$ cat final.cif   # mmCIF, C-alpha atoms
data_final
loop_
_atom_site.label_atom_id
_atom_site.label_comp_id
_atom_site.auth_asym_id
_atom_site.auth_seq_id
_atom_site.Cartn_x
_atom_site.Cartn_y
_atom_site.Cartn_z
CA MET O 1 -4.14 -30.74 -3.18
CA ASN O 2 -3.75 -33.71 -0.87
CA CYS O 3 -0.24 -34.72 0.21
CA PRO O 4 -0.58 -37.35 2.96
CA LYS O 5 3.18 -37.97 3.19
CA LEU O 6 3.93 -34.26 3.64
CA LYS O 7 1.09 -33.97 6.16
CA SER O 8 2.34 -36.87 8.24
CA TRP O 9 5.92 -35.54 8.01
CA LEU O 10 4.74 -32.21 9.37
CA GLU O 11 2.45 -33.84 11.93
CA GLU O 12 5.40 -35.80 13.37
CA ARG O 13 7.31 -32.60 13.98
CA TYR O 14 4.65 -29.93 14.59
CA ASP O 15 1.08 -29.89 15.84
CA TRP O 16 -0.23 -29.31 12.31
CA GLU O 17 -3.80 -30.36 13.12
CA GLY O 18 -3.73 -28.14 16.19
CA MET O 19 -2.70 -25.17 14.06
CA LYS O 20 -5.52 -25.89 11.61
CA ARG O 21 -8.01 -26.14 14.46
CA PHE O 22 -6.72 -22.81 15.81
CA ALA O 23 -7.16 -21.10 12.41
CA LYS O 24 -10.70 -22.45 12.15
CA ARG O 25 -11.55 -21.45 15.71
CA LYS O 26 -10.65 -17.78 15.13
CA LEU O 27 -13.90 -15.98 14.36
CA VAL O 28 -14.57 -12.74 12.48
CA PRO O 29 -17.75 -10.78 13.28
CA GLU O 30 -20.10 -10.03 10.40
CA HIS O 31 -21.90 -6.68 10.43
CA ARG O 32 -22.60 -3.63 8.26
CA TYR O 33 -19.16 -2.09 8.90
CA ASP O 34 -17.12 -5.26 8.31
CA LEU O 35 -15.82 -3.75 5.04
CA TRP O 36 -13.26 -1.90 7.17
CA TYR O 37 -11.69 -5.21 8.20
CA TYR O 38 -10.40 -5.64 4.66
CA THR O 39 -8.41 -2.38 4.63
CA GLY O 40 -5.86 -3.83 7.06
CA GLY O 41 -5.49 -6.97 4.93
CA ILE O 42 -5.04 -4.90 1.77
CA THR O 43 -2.28 -2.87 3.45
CA LEU O 44 -0.51 -6.06 4.49
CA PHE O 45 -0.77 -7.41 0.94
CA LEU O 46 0.65 -4.16 -0.46
CA PHE O 47 3.53 -4.30 2.01
CA ILE O 48 4.39 -7.80 0.77
CA LEU O 49 4.29 -6.60 -2.87
CA GLN O 50 6.51 -3.63 -1.98
CA PHE O 51 9.09 -5.90 -0.39
CA LEU O 52 9.14 -8.18 -3.44
CA THR O 53 9.36 -5.46 -6.10
CA GLY O 54 11.85 -3.52 -3.96
CA MET O 55 14.13 -6.57 -3.87
CA LEU O 56 14.01 -6.80 -7.67
CA LEU O 57 14.86 -3.12 -8.11
CA ALA O 58 17.69 -3.37 -5.58
CA PHE O 59 19.50 -5.84 -7.87
CA TYR O 60 20.14 -3.06 -10.39
CA TYR O 61 20.02 0.20 -8.42
CA VAL O 62 23.37 1.90 -7.67
CA PRO O 63 23.21 4.17 -4.58
CA HIS O 64 25.87 6.64 -5.64
CA ILE O 65 25.43 10.30 -6.53
CA ASP O 66 27.01 9.78 -9.98
CA PHE O 67 25.20 6.58 -10.93
CA ALA O 68 21.84 6.56 -9.08
CA HIS O 69 19.89 8.47 -11.75
CA LYS O 70 21.58 6.58 -14.58
CA SER O 71 20.91 3.21 -12.96
CA ILE O 72 17.18 4.01 -12.74
CA ILE O 73 17.14 5.01 -16.41
CA GLU O 74 18.82 1.69 -17.20
CA ILE O 75 16.29 -0.23 -15.10
CA VAL O 76 13.46 1.46 -16.98
CA THR O 77 14.88 1.34 -20.49
CA LYS O 78 17.18 -1.69 -20.61
CA GLN O 79 16.09 -4.33 -18.08
CA ASN O 80 13.32 -6.73 -19.04
CA LEU O 81 10.09 -5.40 -17.49
CA GLY O 82 12.21 -2.97 -15.45
CA TRP O 83 9.82 -0.13 -16.30
CA PHE O 84 6.91 -2.24 -15.04
CA PHE O 85 8.47 -3.18 -11.70
CA ARG O 86 9.56 0.40 -11.06
CA SER O 87 6.08 1.68 -11.87
CA PHE O 88 4.51 -1.12 -9.80
CA HIS O 89 6.74 -0.22 -6.83
CA HIS O 90 5.84 3.46 -7.19
CA TRP O 91 2.08 2.88 -7.35
CA GLY O 92 2.33 0.21 -4.63
CA SER O 93 3.80 2.78 -2.26
CA GLU O 94 1.09 5.32 -3.12
CA LEU O 95 -1.72 2.80 -2.59
CA CYS O 96 -0.10 1.40 0.55
CA ILE O 97 -0.01 4.79 2.23
CA ALA O 98 -3.53 5.59 0.97
CA PHE O 99 -4.87 2.37 2.51
CA LEU O 100 -2.94 3.03 5.72
CA PHE O 101 -4.75 6.38 5.97
CA ILE O 102 -8.11 4.74 5.18
CA HIS O 103 -7.44 2.04 7.80
CA LEU O 104 -6.39 4.69 10.33
CA PHE O 105 -9.47 6.89 9.85
CA GLY O 106 -11.75 3.83 9.80
CA THR O 107 -10.27 2.72 13.13
CA LEU O 108 -10.64 6.23 14.51
CA LEU O 109 -14.26 6.76 13.49
CA LEU O 110 -15.41 3.27 14.54
CA LYS O 111 -13.54 3.69 17.87
CA SER O 112 -11.73 0.42 17.35
CA TYR O 113 -8.82 1.88 19.32
CA ARG O 114 -10.76 1.73 22.60
CA LYS O 115 -9.70 -0.35 25.56
CA PRO O 116 -8.02 -2.89 25.40
CA ARG O 117 -6.65 -2.11 21.90
CA GLU O 118 -4.61 1.03 22.63
CA PHE O 119 -1.29 -0.59 21.71
CA LEU O 120 -2.81 -1.96 18.51
CA TRP O 121 -3.59 1.65 17.56
CA ALA O 122 -0.10 2.78 18.61
CA THR O 123 1.69 0.16 16.48
CA GLY O 124 -0.51 1.02 13.47
CA PHE O 125 0.10 4.74 13.92
CA ILE O 126 3.88 4.30 14.12
CA LEU O 127 3.68 2.04 11.07
CA LEU O 128 2.03 4.88 9.14
CA GLY O 129 4.85 7.23 10.17
CA VAL O 130 7.45 4.67 9.12
CA SER O 131 5.67 4.18 5.78
CA ILE O 132 5.67 7.92 5.11
CA PHE O 133 9.41 7.98 5.78
CA PHE O 134 9.69 4.95 3.48
CA GLY O 135 8.02 7.06 0.78
CA LEU O 136 10.28 10.06 1.36
CA SER O 137 13.49 7.99 1.39
CA GLY O 138 12.42 6.11 -1.74
CA TYR O 139 11.60 9.38 -3.50
CA LEU O 140 15.18 10.66 -3.09
CA LEU O 141 16.68 7.45 -4.53
CA LEU O 142 15.48 8.60 -7.95
CA TRP O 143 17.99 11.48 -7.61
CA ASP O 144 16.23 13.82 -10.02
CA GLU O 145 15.75 17.56 -9.52
CA ARG O 146 12.24 17.21 -8.07
CA ALA O 147 13.30 14.57 -5.56
CA LEU O 148 16.21 16.75 -4.46
CA ALA O 149 13.97 19.82 -4.00
CA ALA O 150 11.29 17.82 -2.11
CA VAL O 151 13.81 16.26 0.28
CA ARG O 152 15.45 19.64 0.82
CA VAL O 153 12.07 21.10 1.86
CA ALA O 154 11.16 18.10 4.05
CA THR O 155 14.47 17.90 5.89
CA GLY O 156 14.59 21.70 6.14
CA GLY O 157 11.12 21.65 7.71
CA ALA O 158 12.26 19.08 10.26
CA GLY O 159 15.18 21.41 11.03
CA ASN O 160 12.74 24.07 12.25
CA PHE O 161 11.72 21.90 15.16
CA PRO O 162 12.86 23.67 18.38
CA PHE O 163 15.88 22.32 20.29
CA ILE O 164 16.30 19.01 18.42
CA GLY O 165 15.51 20.29 14.90
CA GLY O 166 19.15 20.92 14.02
CA PHE O 167 20.13 17.43 15.11
CA ILE O 168 17.26 15.79 13.14
CA LYS O 169 18.20 17.76 10.02
CA ALA O 170 21.89 16.90 10.31
CA PHE O 171 21.09 13.25 11.05
CA LEU O 172 18.80 12.94 8.02
CA ARG O 173 21.04 14.81 5.59
CA GLY O 174 24.37 13.50 6.80
CA SER O 175 25.86 16.87 5.83
CA ILE O 176 24.95 20.56 5.64
CA ASP O 177 22.82 20.21 2.49
CA VAL O 178 21.16 17.32 0.61
CA THR O 179 24.17 15.66 -1.01
CA GLY O 180 25.54 12.24 -1.90
CA ASP O 181 25.80 11.51 1.84
CA THR O 182 22.05 12.02 2.13
CA LEU O 183 21.50 9.62 -0.75
CA THR O 184 23.63 6.93 0.94
CA ARG O 185 21.85 7.52 4.24
CA PHE O 186 18.37 7.40 2.68
CA TYR O 187 19.32 4.23 0.81
CA ALA O 188 20.35 2.62 4.12
CA PHE O 189 17.04 3.72 5.66
CA HIS O 190 15.03 2.50 2.68
CA VAL O 191 16.53 -0.96 2.22
CA ALA O 192 17.77 -1.92 5.69
CA ILE O 193 16.56 0.07 8.69
CA LEU O 194 12.94 0.79 7.74
CA PRO O 195 12.19 -2.74 6.45
CA ILE O 196 13.37 -4.24 9.77
CA ILE O 197 11.29 -1.74 11.78
CA THR O 198 8.30 -2.41 9.48
CA LEU O 199 8.60 -6.18 9.86
CA LEU O 200 8.77 -5.87 13.64
CA LEU O 201 5.81 -3.49 13.76
CA VAL O 202 3.68 -5.54 11.37
CA GLY O 203 4.49 -8.68 13.38
CA LEU O 204 3.57 -6.97 16.66
CA HIS O 205 0.39 -5.49 15.10
CA LEU O 206 -0.73 -8.92 13.86
CA LEU O 207 0.16 -10.55 17.17
CA LEU O 208 -1.89 -7.98 19.10
CA MET O 209 -4.77 -8.36 16.66
CA GLN O 210 -4.63 -12.11 17.14
CA TYR O 211 -4.61 -11.66 20.90
CA HIS O 212 -7.50 -9.16 21.09
CA GLY O 213 -9.54 -10.37 18.13
CA MET O 214 -11.44 -8.15 15.70
CA SER O 215 -13.04 -5.09 17.21
CA VAL O 216 -16.80 -4.54 16.89
CA PRO O 217 -18.16 -0.95 16.66
CA LEU O 218 -19.71 0.36 19.88
CA SER O 219 -23.15 0.79 18.34
CA LEU O 220 -23.23 -2.90 17.35
CA GLU O 221 -21.64 -4.39 20.44
CA LYS O 222 -24.93 -5.30 22.11
CA GLU O 223 -26.60 -6.53 18.93
CA LYS O 224 -26.73 -10.22 18.16
CA ARG O 225 -24.51 -10.86 15.16
CA ARG O 226 -23.16 -13.68 13.04
CA GLU O 227 -19.54 -14.73 13.21
CA ILE O 228 -17.66 -16.51 10.46
CA PRO O 229 -14.47 -18.57 10.79
CA PHE O 230 -11.31 -16.72 9.75
CA PHE O 231 -10.21 -19.77 7.81
CA PRO O 232 -11.46 -20.51 5.23
CA ASN O 233 -14.40 -18.05 4.97
CA PHE O 234 -12.76 -14.70 5.71
CA PHE O 235 -9.45 -15.77 4.18
CA TYR O 236 -11.12 -16.49 0.83
CA LYS O 237 -12.92 -13.15 0.89
CA ASP O 238 -9.61 -11.44 1.65
CA LEU O 239 -8.03 -13.31 -1.25
CA MET O 240 -10.66 -11.99 -3.68
CA VAL O 241 -10.09 -8.41 -2.52
CA TRP O 242 -6.32 -8.87 -2.87
CA LEU O 243 -6.77 -10.07 -6.45
CA VAL O 244 -8.74 -6.93 -7.33
CA VAL O 245 -6.06 -4.75 -5.68
CA LEU O 246 -3.39 -6.58 -7.68
CA GLY O 247 -5.32 -5.87 -10.88
CA VAL O 248 -5.78 -2.19 -10.04
CA LEU O 249 -2.09 -1.87 -9.18
CA ALA O 250 -0.97 -3.53 -12.41
CA THR O 251 -3.35 -1.29 -14.40
CA LEU O 252 -2.01 1.86 -12.76
CA ALA O 253 1.57 0.66 -13.34
CA VAL O 254 0.89 0.11 -17.04
CA LEU O 255 -1.27 3.14 -17.78
CA LEU O 256 0.44 5.74 -15.60
CA PRO O 257 4.16 4.99 -15.31
CA PRO O 258 5.90 7.69 -13.22
CA GLU O 259 8.16 10.12 -15.05
CA ILE O 260 11.88 10.51 -14.46
CA GLY O 261 13.10 14.11 -14.31
CA ALA O 262 16.50 15.54 -15.12
CA LYS O 263 19.41 14.47 -12.93
CA ALA O 264 19.64 16.38 -9.66
CA ASP O 265 22.16 19.17 -9.46
CA PRO O 266 22.66 20.43 -5.89
CA LEU O 267 24.03 23.76 -7.19
CA ALA O 268 21.13 24.46 -9.61
CA PRO O 269 18.04 26.47 -8.51
CA PRO O 270 15.00 24.30 -7.66
CA PRO O 271 12.51 23.72 -10.53
CA GLU O 272 9.29 25.72 -10.51
CA ASN O 273 6.07 24.45 -8.95
CA VAL O 274 7.65 21.52 -7.13
CA LYS O 275 5.13 19.58 -5.10
CA PRO O 276 5.87 16.87 -2.59
CA GLU O 277 4.04 13.53 -2.57
CA TRP O 278 0.29 13.82 -1.90
CA TYR O 279 0.60 12.71 1.74
CA PHE O 280 2.82 15.72 2.53
CA LEU O 281 0.53 18.26 0.87
CA PHE O 282 -1.62 18.88 3.98
CA LEU O 283 1.53 19.64 5.93
CA LEU O 284 2.86 22.01 3.26
CA GLU O 285 -0.47 23.86 3.02
CA THR O 286 -0.58 24.20 6.81
CA LEU O 287 2.91 25.73 6.81
CA LYS O 288 1.78 28.20 4.14
CA LEU O 289 -1.01 29.45 6.43
CA PHE O 290 1.48 30.84 8.92
CA PRO O 291 3.26 34.19 8.45
CA GLY O 292 7.05 34.42 8.45
CA ALA O 293 7.18 35.75 12.01
CA ILE O 294 4.74 35.64 14.92
CA LEU O 295 5.50 37.88 17.93
CA GLY O 296 9.14 37.95 16.93
CA LEU O 297 9.36 34.17 16.69
CA ASN O 298 9.93 32.15 13.52
CA GLY O 299 6.48 31.41 12.01
CA GLU O 300 7.59 28.11 10.52
CA THR O 301 8.86 26.90 13.91
CA ILE O 302 5.50 27.73 15.49
CA ALA O 303 3.69 25.96 12.63
CA ILE O 304 5.86 22.85 13.01
CA LEU O 305 5.25 22.87 16.77
CA MET O 306 1.48 23.15 16.33
CA VAL O 307 1.35 20.40 13.71
CA SER O 308 3.48 18.16 15.96
CA CYS O 309 1.13 18.80 18.89
CA ALA O 310 -1.89 17.96 16.69
CA ILE O 311 -0.23 14.71 15.53
CA LEU O 312 0.71 13.83 19.13
CA PHE O 313 -2.88 14.43 20.26
CA PHE O 314 -4.09 12.23 17.39
CA PHE O 315 -1.68 9.49 18.49
CA LEU O 316 -2.87 9.69 22.11
CA ILE O 317 -6.63 9.75 21.37
CA PRO O 318 -7.19 6.21 22.76
CA PHE O 319 -5.80 7.36 26.11
CA PHE O 320 -7.90 10.57 26.18
CA ASP O 321 -11.18 8.99 25.08
CA GLN O 322 -12.29 7.56 28.41
CA ARG O 323 -15.98 7.29 27.48
CA SER O 324 -15.21 4.85 24.67
CA ALA O 325 -12.97 2.91 27.05
CA ARG O 326 -15.97 2.48 29.36
CA GLY O 327 -18.11 1.30 26.44
CA GLU O 328 -20.12 4.53 26.24
CA LYS O 329 -20.72 6.68 23.16
CA SER O 330 -18.27 9.58 22.79
CA PRO O 331 -19.57 12.03 20.17
CA LEU O 332 -16.82 14.55 21.02
CA PHE O 333 -14.11 12.20 19.70
CA THR O 334 -16.24 11.31 16.70
CA TRP O 335 -16.33 15.02 15.82
CA ILE O 336 -12.61 15.35 16.47
CA GLY O 337 -12.05 12.44 14.08
CA VAL O 338 -14.31 14.01 11.44
CA ILE O 339 -12.50 17.36 11.75
CA TYR O 340 -9.10 15.69 11.37
CA LEU O 341 -10.33 13.79 8.31
CA LEU O 342 -11.91 16.85 6.68
CA TYR O 343 -8.83 18.97 7.36
CA PHE O 344 -6.55 16.34 5.86
CA LEU O 345 -8.74 15.91 2.77
CA THR O 346 -9.32 19.65 2.22
CA MET O 347 -5.67 20.61 2.59
CA THR O 348 -4.56 17.75 0.33
CA VAL O 349 -7.01 18.82 -2.40
CA VAL O 350 -6.05 22.50 -2.00
CA GLY O 351 -2.36 21.58 -2.21
CA TYR O 352 -2.97 19.44 -5.27
CA LEU O 353 -4.94 22.13 -7.12
CA SER O 354 -2.77 25.12 -6.19
CA MET W 355 -11.09 -22.91 -27.92
CA ARG W 356 -14.44 -23.29 -29.68
CA ARG W 357 -14.17 -23.66 -33.46
CA ILE W 358 -16.85 -22.01 -35.50
CA GLY W 359 -17.71 -23.84 -38.67
CA VAL W 360 -18.89 -21.11 -41.04
CA VAL W 361 -18.84 -23.22 -44.17
CA LYS W 362 -18.87 -27.01 -44.29
CA GLY W 363 -15.30 -27.16 -45.64
CA LEU W 364 -13.98 -24.66 -43.10
CA LYS W 365 -14.65 -26.57 -39.89
CA ARG W 366 -11.27 -25.67 -38.40
CA PHE W 367 -11.82 -21.96 -38.90
CA SER W 368 -11.18 -19.98 -35.72
CA LEU W 369 -12.42 -16.41 -35.36
CA PHE W 370 -9.84 -15.73 -32.66
CA ARG W 371 -6.97 -16.65 -35.02
CA PHE W 372 -7.97 -13.82 -37.35
CA ALA W 373 -9.24 -11.37 -34.77
CA GLN W 374 -5.94 -11.08 -32.94
CA PRO W 375 -3.79 -9.92 -35.89
CA MET W 376 -6.60 -7.61 -37.02
CA VAL W 377 -6.84 -5.90 -33.64
CA MET W 378 -3.06 -5.73 -33.51
CA ALA W 379 -2.84 -4.13 -36.96
CA LEU W 380 -5.57 -1.64 -36.03
CA PHE W 381 -3.75 -0.80 -32.79
CA VAL W 382 -0.46 -0.24 -34.60
CA MET W 383 -2.20 2.06 -37.13
CA ILE W 384 -3.91 4.24 -34.52
CA GLN W 385 -0.81 4.60 -32.33
CA PRO W 386 0.60 8.15 -32.51
CA ALA W 387 4.11 8.42 -33.87
CA PRO W 388 6.68 8.69 -31.04
CA SER W 389 7.48 12.36 -30.41
CA PRO W 390 11.14 13.32 -30.67
CA ALA W 391 11.21 15.06 -27.28
CA ALA W 392 14.88 14.64 -26.54
CA ASP W 393 14.95 15.41 -22.81
CA ARG W 394 12.05 13.16 -21.78
CA ILE W 395 13.01 9.67 -20.70
CA ALA W 396 10.75 6.95 -22.08
CA VAL W 397 9.23 5.23 -19.05
CA PHE W 398 7.07 2.95 -21.20
CA PRO W 399 8.05 0.87 -24.27
CA THR W 400 7.75 3.17 -27.27
CA THR W 401 7.15 0.75 -30.15
CA PRO W 402 3.47 0.10 -30.95
CA PHE W 403 4.09 -3.66 -31.06
CA ASP W 404 5.43 -3.70 -27.47
CA ALA W 405 2.62 -1.43 -26.30
CA TYR W 406 0.05 -3.75 -27.89
CA ILE W 407 1.58 -6.81 -26.18
CA ILE W 408 1.54 -5.01 -22.82
CA TYR W 409 -2.11 -3.94 -23.13
CA GLU W 410 -3.05 -7.42 -24.26
CA SER W 411 -1.25 -8.93 -21.24
CA LEU W 412 -3.09 -6.52 -18.98
CA ALA W 413 -6.42 -7.66 -20.43
CA VAL W 414 -5.40 -11.32 -19.94
CA LEU W 415 -4.42 -10.53 -16.32
CA TRP W 416 -7.87 -9.06 -15.66
CA LEU W 417 -9.55 -12.10 -17.26
CA ALA W 418 -7.43 -14.38 -15.04
CA ILE W 419 -8.35 -12.33 -11.96
CA ILE W 420 -12.06 -12.50 -12.81
CA GLY W 421 -11.77 -16.26 -13.42
CA LEU W 422 -10.01 -16.81 -10.10
CA ILE W 423 -12.57 -14.70 -8.25
CA VAL W 424 -15.39 -16.77 -9.78
CA ILE W 425 -13.67 -20.01 -8.70
CA ILE W 426 -13.00 -18.74 -5.15
CA ARG W 427 -16.61 -17.50 -4.90
CA MET W 428 -17.91 -20.93 -5.96
CA LYS W 429 -15.61 -22.63 -3.43
CA LEU W 430 -16.74 -20.23 -0.69
CA ARG W 431 -20.41 -20.89 -1.42
CA GLU W 432 -19.79 -24.62 -1.21
CA ILE W 433 -18.00 -24.19 2.15
CA GLU W 434 -20.89 -22.05 3.46
CA ARG W 435 -23.41 -24.66 2.30
CA ILE W 436 -21.52 -27.43 4.12
CA GLN W 437 -21.20 -25.26 7.24
CA GLU W 438 -24.93 -24.54 7.22
CA MET W 439 -25.62 -28.27 7.02
CA GLY W 440 -23.28 -28.75 9.99
CA ILE W 441 -21.25 -31.54 8.42
CA ASP W 442 -17.94 -29.67 8.34
CA LYS W 443 -16.98 -30.71 11.87
CA GLU W 444 -15.07 -33.91 12.45
CA ASP W 445 -17.12 -36.67 14.06
CA LYS W 446 -15.23 -37.72 17.18
CA ASP W 447 -17.28 -40.91 17.72
CA ALA W 448 -16.92 -42.25 14.20
CA PRO W 449 -15.92 -45.96 14.32
CA LEU W 450 -12.50 -46.76 12.84
CA LEU W 451 -12.16 -49.53 10.28
CA GLN W 452 -9.24 -51.39 11.82
#

$ encode --input "final.cif" --output "structure tokens"
Amino acid sequence: MNCPKLKSWLEERYDWEGMKRFAKRKLVPEHRYDLWYYTGGITLFLFILQFLTGMLLAFYYVPHIDFAHKSIIEIVTKQNLGWFFRSFHHWGSELCIAFLFIHLFGTLLLKSYRKPREFLWATGFILLGVSIFFGLSGYLLLWDERALAAVRVATGGAGNFPFIGGFIKAFLRGSIDVTGDTLTRFYAFHVAILPIITLLLVGLHLLLMQYHGMSVPLSLEKEKRREIPFFPNFFYKDLMVWLVVLGVLATLAVLLPPEIGAKADPLAPPPENVKPEWYFLFLLETLKLFPGAILGLNGETIAILMVSCAILFFFLIPFFDQRSARGEKSPLFTWIGVIYLLYFLTMTVVGYLS
Amino acid sequence: MRRIGVVKGLKRFSLFRFAQPMVMALFVMIQPAPSPAADRIAVFPTTPFDAYIIYESLAVLWLAIIGLIVIIRMKLREIERIQEMGIDKEDKDAPLLQ
């Protein structure tokens, strides 16, 4: 499409040609691990889709304890393509978090976090945490018995954190138990607070990536390699991958629409065999490993403390791995990364099958 | 759409025109009858006609995606060819016709 009038209109006001030159000047390295570069782009694409479908669902959702469940049933059964957009949003969130994990472990194992990209890692890591909270808050909005039980367990677990656990639990729930106040609070998190934090983090992540450029794995740093322009070469490749992801997402939304359970009743006993979302399973299985009391202390508190320490260590890996920062190989941190990955995968599978 | 002339007098005969209702009828026949489970909320359209339209749309979406990927791939190859020839950069010394 060629629009000379629009081009000259833009050129008079902005350095349009300069921007185009900048996009063409940005180079992307080509090597045998460059497949990992696409995982970040896929996550960004899924975030955009989540924002769009979330906006559509927000037109009809009623965040009130008496109407939330009913409004979702109405979206699914009465609104045109409501069932599709709800299913699309559900599967979009699952895939988004899955790709965030893939991107995270790819970055970890290829040591892309090494100097000077520590803050790039930090923003990505916080973004994963925010996305998980996005998932949890969105899960409660359904207001069915499973969502209620899962949020009760999750917020109860956070309450076991020493010293500040009680405050976190009260802050998340907005009352003693998971009630209508929690629903209102989680709705505010889901549609207002978390999207703003996500936009800021994604913006900062992209800005830092623009500033530092794409990372090259240590083993390939000294090799002579080809570089392709970001625009149009890499952009077109990204576009093709995004199209496939869109197709997969639409297929999942059509073939496997998520169920809606019975309306939540805070006074009823929790349903049997309730499982949280797959990304919480490793945490749940870890908690199960610990006995009720260890040396007179609450076992769950100790478990939560240990898991928090492990997550904090994971977050700070770029600052501990000094060999990678110097450009040397660091097999110790490769093994640590592999152990983290295997633990996460094993516990998730065990939790899913049990 | 390509017309297939089976017989001389039937030049405007289209296989697709007949295939679509046939597939649709077959789909409607093999669809299981909706179960009367009262407490389960239908999260997918229950009538076979709607289900057929949805699956058909999904197939069309995949065809469109494949078509777009083919077009983008062709465009990308052309860009790479031009870049290899080195004629993608603007010539700064080109004389202006003024």

$ resolve_selection --input "final.cif" --expression "the PyMOL selection byres ((chain W and resi 430) around 12)" --output "PyMOL selection string"
(chain O and resi 228-229+231-240) or (chain W and resi 423-429+431-437)

$ closest_residue --input "final.cif" --among "O:Leu109, O:Ala303, O:Val153, O:Leu104" --to "Lys275 (chain O)" --atoms "all atoms listed in the file"
O:Val153

$ residues_around --input "final.cif" --residues "Ser219 (chain O)" --least-positions-apart "3" --cutoff "12 Å" --atoms "all atoms listed in the file" --output "PyMOL selection string"
chain O and resi 31-33+109-112+215-216+222-224+324+327-331

$ closest_residue --input "final.cif" --among "O:Phe333, O:Tyr113, O:Trp242, O:Trp83" --to "chain W" --atoms "only C-alpha atoms"
O:Trp83

$ atom_distance --input "final.cif" --atom1 "CA of Trp91 (chain O)" --atom2 "CA of Leu249 (chain O)"
6.6 Å

$ interface_residues --input "final.cif" --of "chain O" --to "chain W" --cutoff "8 Å" --atoms "only C-alpha atoms" --output "MDAnalysis selection string"
chainID O and resid 73 76:77 83 232:233 236 240 243:244 247 250:251 254 257:262

$ closest_residue --input "final.cif" --among "O:Phe163, O:Phe314, O:Tyr187, O:Phe133" --to "Phe280 (chain O)" --atoms "all atoms listed in the file"
O:Phe133

$ residues_near_point --input "final.cif" --point "(9.1, 3.2, 1.2)" --cutoff "12 Å" --atoms "all atoms listed in the file" --output "count of residues only"
44

$ closest_residue --input "final.cif" --among "O:Gln79, O:Ser8, O:Ser87, O:Thr179" --to "Tyr61 (chain O)" --atoms "only C-alpha atoms"
O:Gln79

$ atom_distance --input "final.cif" --atom1 "CA of His69 (chain O)" --atom2 "CA of Asp144 (chain O)"
6.7 Å

$ axis_aligned_box --input "final.cif" --around "region 232-246 of chain O" --padding-each-side "3 Å" --output "lines of an AutoDock Vina configuration file"
center_x = -8.9
center_y = -12.6
center_z = -1.0
size_x = 17.0
size_y = 21.8
size_z = 19.4
